[in-house]
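The structure appears right after this line, and notes come after that.
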Amino acid sequence: KAGVTQTPRYLIKTRGQQVTLSCSPISGHRSVSWYQQTPGQGLQFLFEYFSETQRNKGNFPGRFSGRQFSNSRSEMNVSTLELGDSALYLCASSLGSLGLTQYFGPGTRLTVL
Amino acid sequence: DQQVKQNSPSLSVQEGRISILNCDYTNSMFDYFLWYKKYPAEGPTFLISISSIKDKNEDGRFTVFLNKSAKHLSLHIVPSQPGDSAVYFCAATYSNTGNQFYFGTGTSLTVIP
């Protein structure tokens, strides 16, 4: 089975711009979660989608949004980029039953200049 | 507020010896715990998990111990190998709220040949 894929792998944007990141989960997985990783902060939970519905949301501003399509693929959007949004954005998928193991993609490295 | 904490940013161990990585949590509602390993430029890879109904789980060289009264879990790697050098994250969740995982800040393990 193919793993979780994320595109693009690297992205450079300037302040004020917006960005869309994409995640394709493992085949058969219906839950997709997004995390932000910055040095010293570990992985911070952004949100989780299950069957096209946002099921959980972390403590991030409304500039961070996401959606999930009927094929379980997910996108994350960040509007009005700030320097502090520079981070590794990780997507993880799981079968969808509560509390099951999440499998991560390689991440998208976003740099905001 | 960091609900999952890894207080040791780094750890060095000789090849063949035991590596012990520690993790503390504050939320007594957490009932499922996981350890992930992360190499640079890759997403975290699932290692081992434990449910709160157990106090120990083994998988080959990896054993996770859970002490619920102390809100503490640890990962033991025996024997340690140079390929185990990576950043290790512990994560926790309460399984009735979907896949919202709380991660520690990671411990960088170096296994010296």
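Each chain in the structure tokens gets a letter, A, B and so on, in the order shown; residues start at 1 in every chain, and ligands are counted from 1 in the order they appear.
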
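Around Cys91 (chain A), within 10 Å and counting only C-alpha atoms, the residues found are A:Val4, A:Thr5, A:Gln6, A:Leu21, A:Ser22, A:Cys23, A:Ser24, A:Pro25, A:Val32, A:Ser33, A:Trp34, A:Tyr35, A:Gln36, A:Leu46, A:Phe47, A:Glu48, A:Ser74, A:Glu75, A:Met76, A:Gln102, A:Tyr103, A:Phe104, A:Gly105, A:Pro106, A:Gly107, A:Thr108, B:Gly43, once anything fewer than 6 positions away on its own chain is removed.
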
(request) From region 2-85 of chain B, collect each residue whose DSSP state is strand (DSSP E or B) and return the set as an NGL selection string. (result) :B and (4-5 or 10-14 or 19-25 or 32-38 or 45-51 or 56-59 or 62-67 or 72-77)

Given only C-alpha atoms, how would the per-residue table for chain B near chain A read, listing every residue at most 8 Å away with its closest atom pair and distance in Å to one decimal, sorted by chain and number, as CSV?
```
residue,atom,partner,partner_atom,distance
B:Tyr32,CA,A:Gly99,CA,7.0
B:Leu34,CA,A:Thr101,CA,7.9
B:Ala41,CA,A:Pro106,CA,6.9
B:Glu42,CA,A:Pro106,CA,4.6
B:Gly43,CA,A:Pro106,CA,4.1
B:Pro44,CA,A:Phe104,CA,5.9
B:Thr45,CA,A:Phe104,CA,6.7
B:Phe46,CA,A:Tyr103,CA,6.7
B:Thr93,CA,A:Gly99,CA,6.9
B:Tyr94,CA,A:Gly99,CA,7.1
B:Ser95,CA,A:Gly99,CA,4.4
B:Asn96,CA,A:Leu98,CA,6.2
B:Thr97,CA,A:Leu98,CA,7.0
B:Gly98,CA,A:Leu98,CA,4.8
B:Asn99,CA,A:Gly99,CA,5.4
B:Gln100,CA,A:Asn56,CA,6.5
B:Phe101,CA,A:Phe45,CA,6.9
B:Tyr102,CA,A:Phe45,CA,7.0
B:Phe103,CA,A:Leu43,CA,5.7
B:Gly104,CA,A:Gly42,CA,5.8
B:Thr105,CA,A:Gly42,CA,3.8
B:Gly106,CA,A:Gly42,CA,6.3
```

(message) As an exercise, work out the distance from CA of Leu83 (chain A) to CA of Val112 (chain A) in Å and give it to one decimal place.
(response) 5.2 Å
